[in-house]
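input.txt follows (compact mmCIF, C-alpha atoms):
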```
# COMPACT_ATOMS: atom_id res chain seq x y z
CA MET A 1 120.79 68.77 109.09
CA LYS A 2 122.42 72.07 108.17
CA SER A 3 123.50 74.31 111.05
CA LEU A 4 121.70 77.62 110.52
CA LYS A 5 123.27 80.93 111.48
CA GLN A 6 120.92 82.71 113.87
CA TYR A 7 121.14 86.28 115.13
CA GLU A 8 119.37 88.23 117.83
CA THR A 9 117.46 91.32 116.71
CA LYS A 10 117.30 94.45 118.82
CA LYS A 11 115.01 96.54 116.65
CA LEU A 12 112.28 96.07 114.08
CA PHE A 13 113.34 95.74 110.44
CA PHE A 14 111.94 98.72 108.52
CA LYS A 15 110.31 99.71 111.82
CA GLN A 16 107.76 96.96 111.18
CA TYR A 17 109.05 93.38 110.98
CA LEU A 18 110.29 91.07 113.75
CA PHE A 19 111.83 88.34 111.59
CA LYS A 20 114.30 88.24 108.72
CA VAL A 21 115.38 85.25 106.65
CA GLU A 22 118.27 85.74 104.22
CA LEU A 23 118.52 83.28 101.35
CA LYS A 24 120.97 82.64 98.55
CA ASN A 25 119.36 81.92 95.20
CA GLN A 26 120.54 82.72 91.69
CA LEU A 27 116.95 83.55 90.70
CA ASN A 28 116.58 86.24 93.34
CA ILE A 29 115.94 88.99 90.78
CA ILE A 30 112.61 87.49 89.68
CA PHE A 31 111.25 88.48 93.10
CA ARG A 32 112.05 92.19 92.80
CA SER A 33 109.01 94.11 94.03
CA GLU A 34 109.08 96.61 91.16
CA ASN A 35 108.66 93.76 88.64
CA GLN A 36 105.49 92.35 90.23
CA LYS A 37 102.03 93.36 89.06
CA SER A 38 100.55 92.60 92.48
CA LYS A 39 101.42 91.21 95.90
CA SER A 40 100.82 87.72 94.48
CA LEU A 41 104.22 87.76 92.72
CA ASP A 42 102.91 87.55 89.13
CA PHE A 43 106.27 88.20 87.48
CA ALA A 44 108.00 85.53 89.56
CA ARG A 45 105.28 83.04 88.59
CA GLU A 46 105.66 83.86 84.89
CA GLN A 47 109.42 83.33 85.04
CA LEU A 48 109.07 80.05 86.93
CA ASP A 49 106.45 78.82 84.43
CA SER A 50 108.86 79.63 81.59
CA PHE A 51 111.65 77.63 83.26
CA ALA A 52 109.26 74.70 83.81
CA SER A 53 108.25 74.77 80.14
CA ASN A 54 111.88 74.71 79.05
CA TYR A 55 112.58 71.77 81.34
CA ARG A 56 109.62 69.78 79.99
CA ASN A 57 110.87 70.42 76.44
CA GLY A 58 114.36 69.20 77.27
CA GLN A 59 115.87 72.68 77.12
CA PRO A 60 118.37 74.00 79.65
CA LEU A 61 117.25 76.39 82.37
CA VAL A 62 118.85 79.63 81.24
CA GLN A 63 118.47 83.07 82.78
CA LYS A 64 119.14 86.25 80.83
CA VAL A 65 121.16 88.80 82.79
CA PHE A 66 121.69 92.01 80.87
CA ARG A 67 123.38 90.90 77.62
CA THR A 68 124.55 87.53 78.88
CA GLU A 69 122.94 84.21 79.73
CA ARG A 70 123.70 81.85 82.57
CA GLU A 71 122.47 78.37 83.33
CA VAL A 72 120.31 78.07 86.42
CA PRO A 73 121.10 75.17 88.77
CA MET A 74 118.09 72.93 89.41
CA ASP A 75 118.42 73.51 93.17
CA ASP A 76 118.00 77.26 92.61
CA TYR A 77 114.94 76.73 90.43
CA LEU A 78 113.33 74.44 93.00
CA GLY A 79 114.22 76.83 95.81
CA ALA A 80 112.70 79.78 93.95
CA LYS A 81 109.58 77.74 93.21
CA ASN A 82 109.19 76.81 96.89
CA LEU A 83 109.69 80.43 97.92
CA TYR A 84 107.00 81.54 95.47
CA LEU A 85 104.56 78.89 96.73
CA LEU A 86 105.14 79.97 100.33
CA LEU A 87 104.65 83.68 99.63
CA LYS A 88 101.98 83.84 96.92
CA ASP A 89 99.05 83.88 99.35
CA GLU A 90 100.79 85.79 102.16
CA LYS A 91 99.99 89.45 102.73
CA GLU A 92 102.21 90.65 105.57
CA TYR A 93 105.79 90.38 104.37
CA LYS A 94 108.48 92.31 102.54
CA ILE A 95 111.09 91.09 100.07
CA ARG A 96 114.42 92.76 99.51
CA VAL A 97 116.62 91.60 96.64
CA GLU A 98 120.25 92.45 97.33
CA THR A 99 123.59 92.09 95.58
CA GLY A 100 124.75 88.80 94.17
CA ALA A 101 122.31 85.98 94.85
CA SER A 102 121.00 87.35 98.14
CA ILE A 103 117.29 87.75 98.89
CA SER A 104 115.77 88.57 102.27
CA VAL A 105 112.22 87.99 103.49
CA TYR A 106 110.86 90.08 106.38
CA THR A 107 107.73 89.09 108.28
CA ASN A 108 105.92 89.09 111.62
CA ASN A 109 104.38 85.69 110.90
CA ASP A 110 106.26 83.03 112.87
CA THR A 111 104.38 80.29 110.99
CA LEU A 112 105.78 81.61 107.72
CA LEU A 113 109.22 81.83 109.33
CA TYR A 114 109.18 78.13 110.23
CA LYS A 115 107.85 77.15 106.80
CA LEU A 116 110.73 79.02 105.16
CA ILE A 117 113.20 77.23 107.42
CA ASP A 118 111.60 73.85 106.70
CA LYS A 119 111.33 74.20 102.92
CA LEU A 120 114.45 76.25 102.15
CA GLU A 121 116.92 75.14 104.79
CA ASN A 122 119.77 74.45 102.37
CA SER A 123 119.66 77.94 100.84
CA ILE A 124 119.24 79.91 104.07
CA HIS A 125 122.22 82.13 104.86
CA GLY A 126 120.94 83.50 108.16
CA ILE A 127 117.90 83.99 110.41
CA TRP A 128 117.22 87.07 112.52
CA ARG A 129 114.63 87.06 115.29
CA PRO A 130 114.20 88.51 118.77
CA ALA A 131 114.58 86.41 121.88
CA PRO A 132 111.13 85.26 123.10
CA ALA A 133 111.25 87.65 126.05
CA VAL A 134 111.75 90.77 123.94
CA GLY A 135 109.44 90.29 120.96
CA HIS A 136 106.56 92.15 122.60
CA ILE A 137 108.91 95.03 123.44
CA LEU A 138 110.08 95.41 119.85
CA LYS A 139 106.49 95.67 118.63
CA GLU A 140 106.24 98.98 120.47
CA ASP A 141 108.99 100.78 118.49
CA ASN A 142 111.72 100.00 120.98
CA ILE A 143 115.37 99.02 120.55
CA ILE A 144 116.93 96.60 123.02
CA VAL A 145 120.35 97.74 124.32
CA ASN A 146 122.87 95.94 126.52
CA THR A 147 124.06 99.00 128.44
CA LYS A 148 122.12 101.63 130.35
CA THR A 149 122.01 105.11 128.85
CA GLU A 150 121.24 108.63 130.02
CA PHE A 151 119.63 109.40 126.65
CA PRO A 152 117.04 106.68 126.04
CA ILE A 153 115.18 108.17 123.06
CA ARG A 154 116.66 107.84 119.57
CA VAL A 155 115.54 110.44 117.03
CA ILE A 156 116.05 109.49 113.38
CA PHE A 157 116.41 112.13 110.68
CA LYS A 158 114.70 112.09 107.30
CA ASP A 159 116.93 112.64 104.28
CA GLU A 160 116.48 116.40 104.62
CA LYS A 161 118.41 119.44 105.80
CA VAL A 162 117.90 121.36 109.04
CA ALA A 163 119.02 124.87 109.89
CA PRO A 164 122.68 124.96 111.03
CA ASP A 165 121.46 126.76 114.17
CA PHE A 166 120.21 123.39 115.40
CA ALA A 167 123.84 122.26 115.71
CA ASN A 168 124.41 125.16 118.10
CA TRP A 169 121.37 124.11 120.12
CA LEU A 170 122.75 120.57 120.41
CA ARG A 171 126.15 121.87 121.56
CA ALA A 172 124.53 124.13 124.14
CA ASN A 173 122.35 121.29 125.48
CA ARG A 174 124.73 118.38 125.88
CA ASP A 175 123.01 117.55 129.17
CA LYS A 176 119.77 117.02 127.24
CA SER A 177 120.99 115.42 124.01
CA ARG A 178 123.80 113.41 122.44
CA ILE A 179 124.86 113.31 118.77
CA GLY A 180 127.82 111.93 116.85
CA ASP A 181 130.52 114.21 115.47
CA LYS A 182 129.83 113.32 111.83
CA ALA A 183 126.10 114.00 112.17
CA LEU A 184 126.77 117.29 113.94
CA GLN A 185 129.19 118.38 111.22
CA SER A 186 126.62 117.50 108.56
CA ILE A 187 124.14 119.86 110.24
CA ASP A 188 126.81 122.58 110.33
CA ASP A 189 127.47 122.03 106.62
CA ASN A 190 123.74 122.11 105.78
CA LEU A 191 123.81 118.60 104.28
CA ASN A 192 120.99 116.09 103.95
CA LEU A 193 120.79 113.97 107.10
CA GLY A 194 119.45 110.62 105.87
CA GLY A 195 120.99 107.79 107.92
CA PHE A 196 121.86 110.01 110.91
CA TYR A 197 120.24 110.11 114.33
CA PHE A 198 120.75 111.56 117.80
CA HIS A 199 119.51 110.83 121.31
CA VAL A 200 117.59 112.90 123.85
CA ARG A 201 117.13 112.61 127.60
CA ASP A 202 113.34 112.45 127.93
CA GLU A 203 109.95 113.20 126.40
CA LYS A 204 110.12 116.86 127.44
CA VAL A 205 113.34 117.37 125.47
CA LEU A 206 111.84 115.42 122.57
CA SER A 207 108.93 117.88 122.48
CA ILE A 208 111.38 120.78 122.21
CA VAL A 209 113.27 119.04 119.41
CA GLN A 210 110.04 118.37 117.53
CA MET A 211 109.23 122.08 117.65
CA LEU A 212 112.70 122.95 116.35
CA VAL A 213 113.20 120.36 113.59
CA GLY A 214 110.01 118.29 113.49
CA HIS A 215 109.83 118.52 109.69
CA ALA A 216 113.10 116.57 109.44
CA ILE A 217 112.30 113.76 111.91
CA ARG A 218 111.46 110.38 110.38
CA GLY A 219 110.71 108.60 113.64
CA THR A 220 111.77 107.78 117.19
CA TYR A 221 112.72 104.69 119.16
CA ASN A 222 112.91 104.08 122.89
CA LEU A 223 116.13 102.38 124.00
CA VAL A 224 115.18 99.66 126.48
CA TYR A 225 117.95 98.20 128.62
CA MET A 226 118.03 94.41 128.78
CA PRO A 227 121.04 92.10 129.21
CA PRO A 228 121.70 89.69 126.31
CA THR A 229 119.31 86.75 126.40
CA ILE A 230 120.71 84.48 123.66
CA ASP A 231 124.13 83.95 122.14
CA LYS A 232 124.81 85.56 118.79
```
Can you dump the structure from the file as structure tokens?
Amino acid sequence: MKSLKQYETKKLFFKQYLFKVELKNQLNIIFRSENQKSKSLDFAREQLDSFASNYRNGQPLVQKVFRTEREVPMDDYLGAKNLYLLLKDEKEYKIRVETGASISVYTNNDTLLYKLIDKLENSIHGIWRPAPAVGHILKEDNIIVNTKTEFPIRVIFKDEKVAPDFANWLRANRDKSRIGDKALQSIDDNLNLGGFYFHVRDEKVLSIVQMLVGHAIRGTYNLVYMPPTIDK
């Protein structure tokens, strides 16, 4: 049996999903969300049906990639078919097709998680899931941290600008907030802040921040201290 790489999660993926399974499959691009007509993965089914027809007619399994063609290994075809069969009737999941042959499935359904592991074990690159004791905490928009902090609320920026005066407020209130140097400089320079965040001391400070820059806040997380529960 293949030894699967497993990782401990400390926050929800896309602020929604507990579990992530990363797979390697040369046919990953047929699962791109923008190509599907519906959640039932119509485009993926059409491509798999075409491969099956070629196989029955004694033709090689060939995938067109831009202006080139490449032969598809049978293991990749079977893996993609199994992935389609597992997902076609599911509703609560997200697929992300990444570079190379990588494809990730995000879900809160532990039954689906175990089915993916069972059916696609040989193509799984990694599994991410919370320790049993912290899953219920993550469902409440929390992030598990291994060290205690004075600023337990993380505030995440949208990809928008805020008035440079907010940088001065942060500097003047270092007892109430904490932000990285690069993020602070980006506020000074009036740049878009997507990907940046800062921390505040409590809900009262958060209320002040929301009044100042609420239009540019994408969301918040509570940092919950808990020692590591499983090995990475």
| note | Students should find that CA of Met74 in chain A and CA of Asn25 in chain A are spaced 10.8 Å
| query | Any idea what's packed within 9 Å of Asp75 in chain A, counting all atoms listed in the file, ignoring anything in its chain fewer than 3 positions away? Could you give it as a list in words? | reply | Asn25, Val72, Leu78, Gly79, Ala80 and Ser123 of chain A
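Minimum atom-to-atom distance to Lys81 in chain A, evaluated using all atoms listed in the file, belongs to A:Phe31 out of A:Phe31, A:Tyr114, A:Trp128, A:Phe198.
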| Using only C-alpha atoms, which residues sit within 10 Å of Val213 in chain A once same-chain residues fewer than 5 positions away are excluded, as a ChimeraX atom specification? | /A:157,161-163,166,208
| query | Which residues, protein or nucleic acid, reach to within 12 Å of (112.3, 75.7, 103.0) in the file's coordinates when using all atoms listed in the file, and can you give that as a ChimeraX atom specification? | reply | /A:2,21-24,75-76,78-87,112-125
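Of the listed residues (A:Tyr93, A:Tyr7, A:Phe19, A:Phe13), A:Phe19 comes nearest to Asp110 in chain A; the distances count only C-alpha atoms.
Shortest separation to Val62 in chain A among A:Ser177, A:Ser33, A:Gln26, A:Ser40 occurs at residue A:Gln26, atoms counted being all atoms listed in the file.
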| message | Report, in Å to a single decimal, how far apart CA of Ile156 in chain A and CA of Lys204 in chain A are. | response | 16.9 Å
| For Asp89 in chain A, which residue among A:Asp42, A:Glu34, A:Asp141, A:Glu8 is the nearest when counting only C-alpha atoms? | A:Asp42
| said: What's the separation between CA of Asn35 in chain A and CA of Leu12 in chain A, in Å to one decimal place? | reply: 25.8 Å
| Pick from A:Val65, A:Val224, A:Ala183, A:Val155: nearest to Lys10 in chain A, with only C-alpha atoms counted? |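 Distance minimum relative to Lys10 in chain A lands on A:Val224.
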| Looking at A:Ala131, A:Gly219, A:Asp49, A:Ser102, which one is nearest to Leu61 in chain A, with distances taken over all atoms listed in the file? |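 Distance minimum relative to Leu61 in chain A lands on A:Asp49.
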| message | For Ser186 in chain A, find every residue with an atom within 10 Å (counting only C-alpha atoms), except residues of its own chain fewer than 4 positions away, and show them as a list of chain:residue names. | response |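 Neighbouring residues, sequence-local ones excluded: A:Lys161, A:Val162, A:Pro164, A:Ala167, A:Asp181, A:Lys182, A:Asn190, A:Leu191, A:Asn192, A:Leu193, A:Phe196.
Using all atoms listed in the file, the protein and nucleic acid residues lying at most 8 Å from the point (108.7, 86.2, 115.1) are Leu18, Phe19, Thr107, Asn108, Asn109, Asp110, Leu113, Arg129, Pro130 and Gly135 of chain A.
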